[in-house]
Amino acid sequence: MLDDVDPFIGTSATDLPAAHGLAASWWWPKPQVGNTHPGATSPLGMVSACAYSGAYPTGYGRYAKNTEGVPELLFDRLQASGFTHFQQSGTGAIRKYYNYVKVTPMVQALDALGEAWPLRDEVAEAGYYAATLGTGIRCEITVGEKVAVHRYTFPESSSARIVIDLSVGGLAIDLGRTVPLRAHCESLGHGHVQGTVVMEGVPLSVHAEVVNPRWRQMLWYDRRLIDGGTRLDFDSIRHTTLRPFGMLFMGPTRAGQTVEIRLGFSLRGCEQAARNLQLECGTEEPAFDLVREATRDRWRDLMGRVQVDGGTPARRTVFATSLYHSLIKPCFADDESPFWPTSGPFAFDVCTMWDIYKTQLPLLAALAPDRAADLLESLIRVCEEEGNFPIGYRMARGADRFFRQASALAHTVLADAHALGRAPLDWNWALVHMVDDLRRMYGEDFFEHGIVHPISHTLDLAYAHHCTAQVARALNDVHLAEDLERRSRHWINAFDPVTGLLRDSEFYEGGKWNYSFRLLHDMAARIALGGGDAEFIDNLDRFFGYGAGPVTQPGRRPPPAEMLAGYALNRFEGLNNEPDMEAPWAYHYAGRPDRTAEVVQAALTWQFGTGPGGLPGNDDSGGLSSWYVWASLGLFPVAGQSLFLINAPAFERSAVRIDDREFIVETSGHRANPIGADGIDRDPAPQYVQSVTLNGRPLDATHISAADVHRGGRLHLRLGPEPSDWGRKVRPPSASDQVFGLKETR
């Protein structure tokens, strides 16, 4: 699996074959670029490192920021002015992109610092990135959990140098730069330097070592060397007063000579950064291969927990890379919180939670349950310190920064974890924060009026009340559970009973059609409100483009009229945008899993591909890639309900290892379909589930509990070329099953 990963997928503008069939009718309103980077990463680690151009995506690419259509080129070549640390993975225009502590190998004078040189001969693997600069320097980078190691192979030079710039942050575009508030750096002698910059309220410290005792080391300011100085301090930095500053090492090199620089990072000071460096690099010199192999072992272990059999080489590459992208974020920095002094987990880059809570966090709970529990502990601690659960949390103070996107999403993750019984938290204390958080931001209006705008927040809050009620009931707080469950029924206020769709409102990245088919906790009542199965299915069919013709996707700088016409389609946005990525499984609740199979297979066939342009839209911290993983396995997690929906898988057999147990999805009658990247010129006929057994027993329902998956077992799906009666009678559970006479089959 690890050898199939291609970190370059998603780093360039979308470049997929023209879709056929159903997928050709889907319209893409959002940026057509994955916004991933090919840099060195450690699974769920604190540090990443990549070539830095200052442009999108994430500071690596060639593009200007865009919010719709194909991104515009800023540069006609791949280029870099150095190599930075801490990158986002797949996020859109959130403005803050780290890229701190830029390291630049040079054979020019310091005056050339900041100049960008062409990149060629790039190589990227899990935990490793390499490229050659136009100056002739071969650059290799690997990272550990809290360290980065660079290895540079120089041409012959009388004055080669490695420059560390602490003043850099963000992107080199309008409003993209991040400026430190305070900073200091110092030369410790004998190849050691260190410094701290305070970025967005967070003190980031670095301790660096160069293994070459013959080289000189100096501080520099405004591209001028400070000969003899050992410390620089900046107590108050503004955009208007910022001048570049940092440390450097310099000396002669012979052709082909390699020089290694190691950097340890910490959010708790330079001493801890030095300890982190010692812990991961040890005393061995050089340490590059040691760190690279340790990181590759971590990737091999985590990715090895999913195995698939069959599939074309292209499909296997896309699947393996999707799994890889799903496990880069969140970043875990144990014992590193700059906001509370105690030890324990600290997680950041929980971005974008309004996407990852549906697919990526359930994947994390399955593959890395210990880390999933650490995330919950960190979120609870953030709530204690800052007053609310974050909707998105970066390496910066401010748990309320993304409150406009969504409300109360942590409740779904907490409810699932409690139902599984695998997170050793103080659940009574967690419940206190869950309840309190429901009243914050939009929650106060929801509490008073039972409806809020943007209307999607009404669905968020109603769902969070339901999730919290499940925890309260399990903890025997019956009165609280009943009150929460009563308020959870306010989801109905968000819908127009005449149209069966959401009421008119503002929406974040979508419209009322995109959000109208979310998987609520009471889908039976939701479908009844919309006129019953037939009318609900008709609306879904219209949304997914059944009977519609192909559409033209927006290009560069799409005019407003073109975008308005596209939005007026009220069409599924494919996987270009995440708000409606759970909608295909809404068919399950109306007894039409065959429709789910058609939509999902169309997406798996035409929406993903190999090569840098292989993603249809922003990966959003693995939210998009984890959708691909689950869909390929034939499962879909219903976040907050401890439930998985079943669908025809893309592989003949797959196995997911959860601790010491294994959940196997196997098929009979499976046909290996190619994907668009294989150069097909037609839409492959979908496969449909004919019958299912779970651990040898027939399963008429289209769902299983998360406990069934996590305890391990064997799910066997018999597939065929035509729709069957499977799943038409027994629907997934809903909160009002007793009213509609529906039963959950376990």
# chains A, B, ... in the order shown; residues from 1 in each chain; ligands from 1
$ select_by_dssp --residues "range 323-509 of chain A" --states "strand (DSSP E or B)" --output "mmCIF file with N, CA and C atoms, in the first residue's frame"
data_model
loop_
_atom_site.group_PDB
_atom_site.id
_atom_site.type_symbol
_atom_site.label_atom_id
_atom_site.label_comp_id
_atom_site.auth_asym_id
_atom_site.auth_seq_id
_atom_site.Cartn_x
_atom_site.Cartn_y
_atom_site.Cartn_z
ATOM 1 N N CYS A 331 -2.693 17.431 13.468
ATOM 2 C CA CYS A 331 -1.329 17.377 13.985
ATOM 3 C C CYS A 331 -1.373 17.156 15.492
ATOM 4 N N PHE A 332 -0.665 16.145 15.947
ATOM 5 C CA PHE A 332 -0.579 15.880 17.384
ATOM 6 C C PHE A 332 0.797 16.297 17.890
ATOM 7 N N ALA A 347 -3.667 18.874 20.131
ATOM 8 C CA ALA A 347 -3.918 18.673 18.709
ATOM 9 C C ALA A 347 -4.266 19.999 18.057
ATOM 10 N N PHE A 348 -3.692 20.231 16.874
ATOM 11 C CA PHE A 348 -4.075 21.397 16.091
ATOM 12 C C PHE A 348 -4.240 20.973 14.633
ATOM 13 N N VAL A 350 -7.108 20.900 13.255
ATOM 14 C CA VAL A 350 -8.387 20.194 13.187
ATOM 15 C C VAL A 350 -9.221 20.990 12.181
ATOM 16 N N TYR A 393 -9.508 24.267 14.381
ATOM 17 C CA TYR A 393 -8.501 24.696 15.351
ATOM 18 C C TYR A 393 -7.129 24.565 14.732
ATOM 19 N N PHE A 495 -37.056 23.183 7.701
ATOM 20 C CA PHE A 495 -37.565 22.743 6.406
ATOM 21 C C PHE A 495 -38.877 23.418 6.042
ATOM 22 N N ASP A 496 -39.052 23.607 4.755
ATOM 23 C CA ASP A 496 -40.304 24.100 4.200
ATOM 24 C C ASP A 496 -41.164 22.889 3.855
ATOM 25 N N LEU A 501 -37.751 20.860 1.135
ATOM 26 C CA LEU A 501 -36.361 21.288 1.171
ATOM 27 C C LEU A 501 -36.165 22.294 2.293
ATOM 28 N N LEU A 502 -34.910 22.646 2.538
ATOM 29 C CA LEU A 502 -34.631 23.650 3.558
ATOM 30 C C LEU A 502 -35.234 24.995 3.179
#
$ residues_around --residues "Asn276 in chain A" --least-positions-apart "6" --cutoff "8 Å" --atoms "only C-alpha atoms" --output "number ranges by chain"
A: 146-147, 264-266
$ write_last_selection --atoms "N, CA, C and O atoms" --output "PDB file, in the first residue's frame"
ATOM      1  N   LYS A 146       8.439  15.617  15.586  1.00  0.00           N
ATOM      2  CA  LYS A 146       8.684  16.991  16.026  1.00  0.00           C
ATOM      3  C   LYS A 146       9.993  17.545  15.479  1.00  0.00           C
ATOM      4  O   LYS A 146      10.486  18.554  15.976  1.00  0.00           O
ATOM      5  N   VAL A 147      10.551  16.882  14.472  1.00  0.00           N
ATOM      6  CA  VAL A 147      11.832  17.324  13.919  1.00  0.00           C
ATOM      7  C   VAL A 147      11.778  17.302  12.400  1.00  0.00           C
ATOM      8  O   VAL A 147      10.925  16.637  11.790  1.00  0.00           O
ATOM      9  N   GLY A 264      14.829  20.777  15.567  1.00  0.00           N
ATOM     10  CA  GLY A 264      13.831  20.321  16.517  1.00  0.00           C
ATOM     11  C   GLY A 264      12.886  21.465  16.827  1.00  0.00           C
ATOM     12  O   GLY A 264      13.317  22.616  16.972  1.00  0.00           O
ATOM     13  N   PHE A 265      11.595  21.170  16.938  1.00  0.00           N
ATOM     14  CA  PHE A 265      10.585  22.206  17.157  1.00  0.00           C
ATOM     15  C   PHE A 265       9.846  21.968  18.465  1.00  0.00           C
ATOM     16  O   PHE A 265       9.703  20.833  18.928  1.00  0.00           O
ATOM     17  N   SER A 266       9.366  23.061  19.037  1.00  0.00           N
ATOM     18  CA  SER A 266       8.543  22.970  20.241  1.00  0.00           C
ATOM     19  C   SER A 266       7.693  24.222  20.347  1.00  0.00           C
ATOM     20  O   SER A 266       8.059  25.290  19.845  1.00  0.00           O
TER      21      SER A 266
END
$ residues_around --residues "Trp627 in chain A" --least-positions-apart "5" --cutoff "9 Å" --atoms "only C-alpha atoms" --output "MDAnalysis selection string"
chainID A and resid 322 358:360 575 581:582 622 632 636
$ write_last_selection --atoms "N, CA and C atoms" --output "compact mmCIF listing (two decimals), in the first residue's frame"
# COMPACT_ATOMS: atom_id res chain seq x y z
N SER A 322 -5.22 8.45 -1.23
CA SER A 322 -6.34 8.96 -0.43
C SER A 322 -6.17 8.57 1.03
N LYS A 358 -17.35 14.15 9.23
CA LYS A 358 -18.20 13.14 8.61
C LYS A 358 -17.42 11.88 8.22
N THR A 359 -16.20 12.04 7.78
CA THR A 359 -15.48 10.91 7.18
C THR A 359 -14.09 10.69 7.75
N GLN A 360 -13.32 11.77 7.93
CA GLN A 360 -11.93 11.58 8.34
C GLN A 360 -11.82 11.19 9.80
N LEU A 575 -17.60 15.69 -6.00
CA LEU A 575 -16.72 15.77 -4.83
C LEU A 575 -15.85 17.01 -4.91
N MET A 581 -21.47 15.69 0.45
CA MET A 581 -20.80 14.43 0.14
C MET A 581 -21.45 13.23 0.85
N GLU A 582 -22.35 13.47 1.79
CA GLU A 582 -23.08 12.35 2.40
C GLU A 582 -24.40 12.09 1.70
N GLY A 622 -8.04 16.15 4.43
CA GLY A 622 -8.37 14.73 4.30
C GLY A 622 -9.85 14.43 4.29
N SER A 632 -14.75 3.40 -1.27
CA SER A 632 -14.09 2.27 -1.91
C SER A 632 -14.25 0.99 -1.11
N PHE A 636 -20.03 3.58 4.71
CA PHE A 636 -20.07 5.02 4.94
C PHE A 636 -20.47 5.26 6.39
$ residues_around --residues "range 540-549 of chain A" --least-positions-apart "5" --cutoff "10 Å" --atoms "only C-alpha atoms" --output "count of residues only"
25
$ residues_around --residues "Arg298 in chain A" --least-positions-apart "4" --cutoff "8 Å" --atoms "only C-alpha atoms" --output "PyMOL selection string"
chain A and resi 42-43+294+302
$ closest_residue --among "A:Asp174, A:Glu125, A:Asp289, A:Glu666" --to "Leu715 in chain A" --atoms "only C-alpha atoms"
A:Glu666
$ atom_distance --atom1 "CA of Gly114 in chain A" --atom2 "CA of Leu78 in chain A"
15.2 Å
$ select_by_dssp --residues "range 131-353 of chain A" --states "alpha helix (DSSP H)" --output "number ranges by chain"
A: 270-281, 288-303, 313-326, 353
$ closest_residue --among "A:Leu110, A:Ala464, A:Ala590, A:Leu484" --to "Asn539 in chain A" --atoms "only C-alpha atoms"
A:Ala590
$ residues_around --residues "Met218 in chain A" --least-positions-apart "4" --cutoff "8 Å" --atoms "only C-alpha atoms" --output "number ranges by chain"
A: 187, 225-230, 247-249
$ residues_around --residues "Tyr357 in chain A" --least-positions-apart "2" --cutoff "8 Å" --atoms "only C-alpha atoms" --output "list in words"
Met353, Trp354, Asp355, Thr359, Gln360, Leu361, Pro362, Leu409, Ala410, Thr412, Val413, Gly623 and Ala639 of chain A
$ atom_distance --atom1 "CA of Phe75 in chain A" --atom2 "CA of Tyr100 in chain A"
21.7 Å
$ closest_residue --among "A:Gln32, A:Thr196, A:Thr11, A:Ser705" --to "Ala55 in chain A" --atoms "only C-alpha atoms"
A:Thr11
$ atom_distance --atom1 "CA of Tyr129 in chain A" --atom2 "CA of Leu363 in chain A"
25.9 Å
$ closest_residue --among "A:Leu699, A:Ala419, A:Val308, A:Ala51" --to "Pro649 in chain A" --atoms "only C-alpha atoms"
A:Val308
$ closest_residue --among "A:Met563, A:Val193, A:Ala314, A:Ala568" --to "Leu604 in chain A" --atoms "only C-alpha atoms"
A:Ala314
$ closest_residue --among "A:Gly170, A:Gly34, A:Pro118, A:Gly144" --to "Ala333 in chain A" --atoms "only C-alpha atoms"
A:Gly144
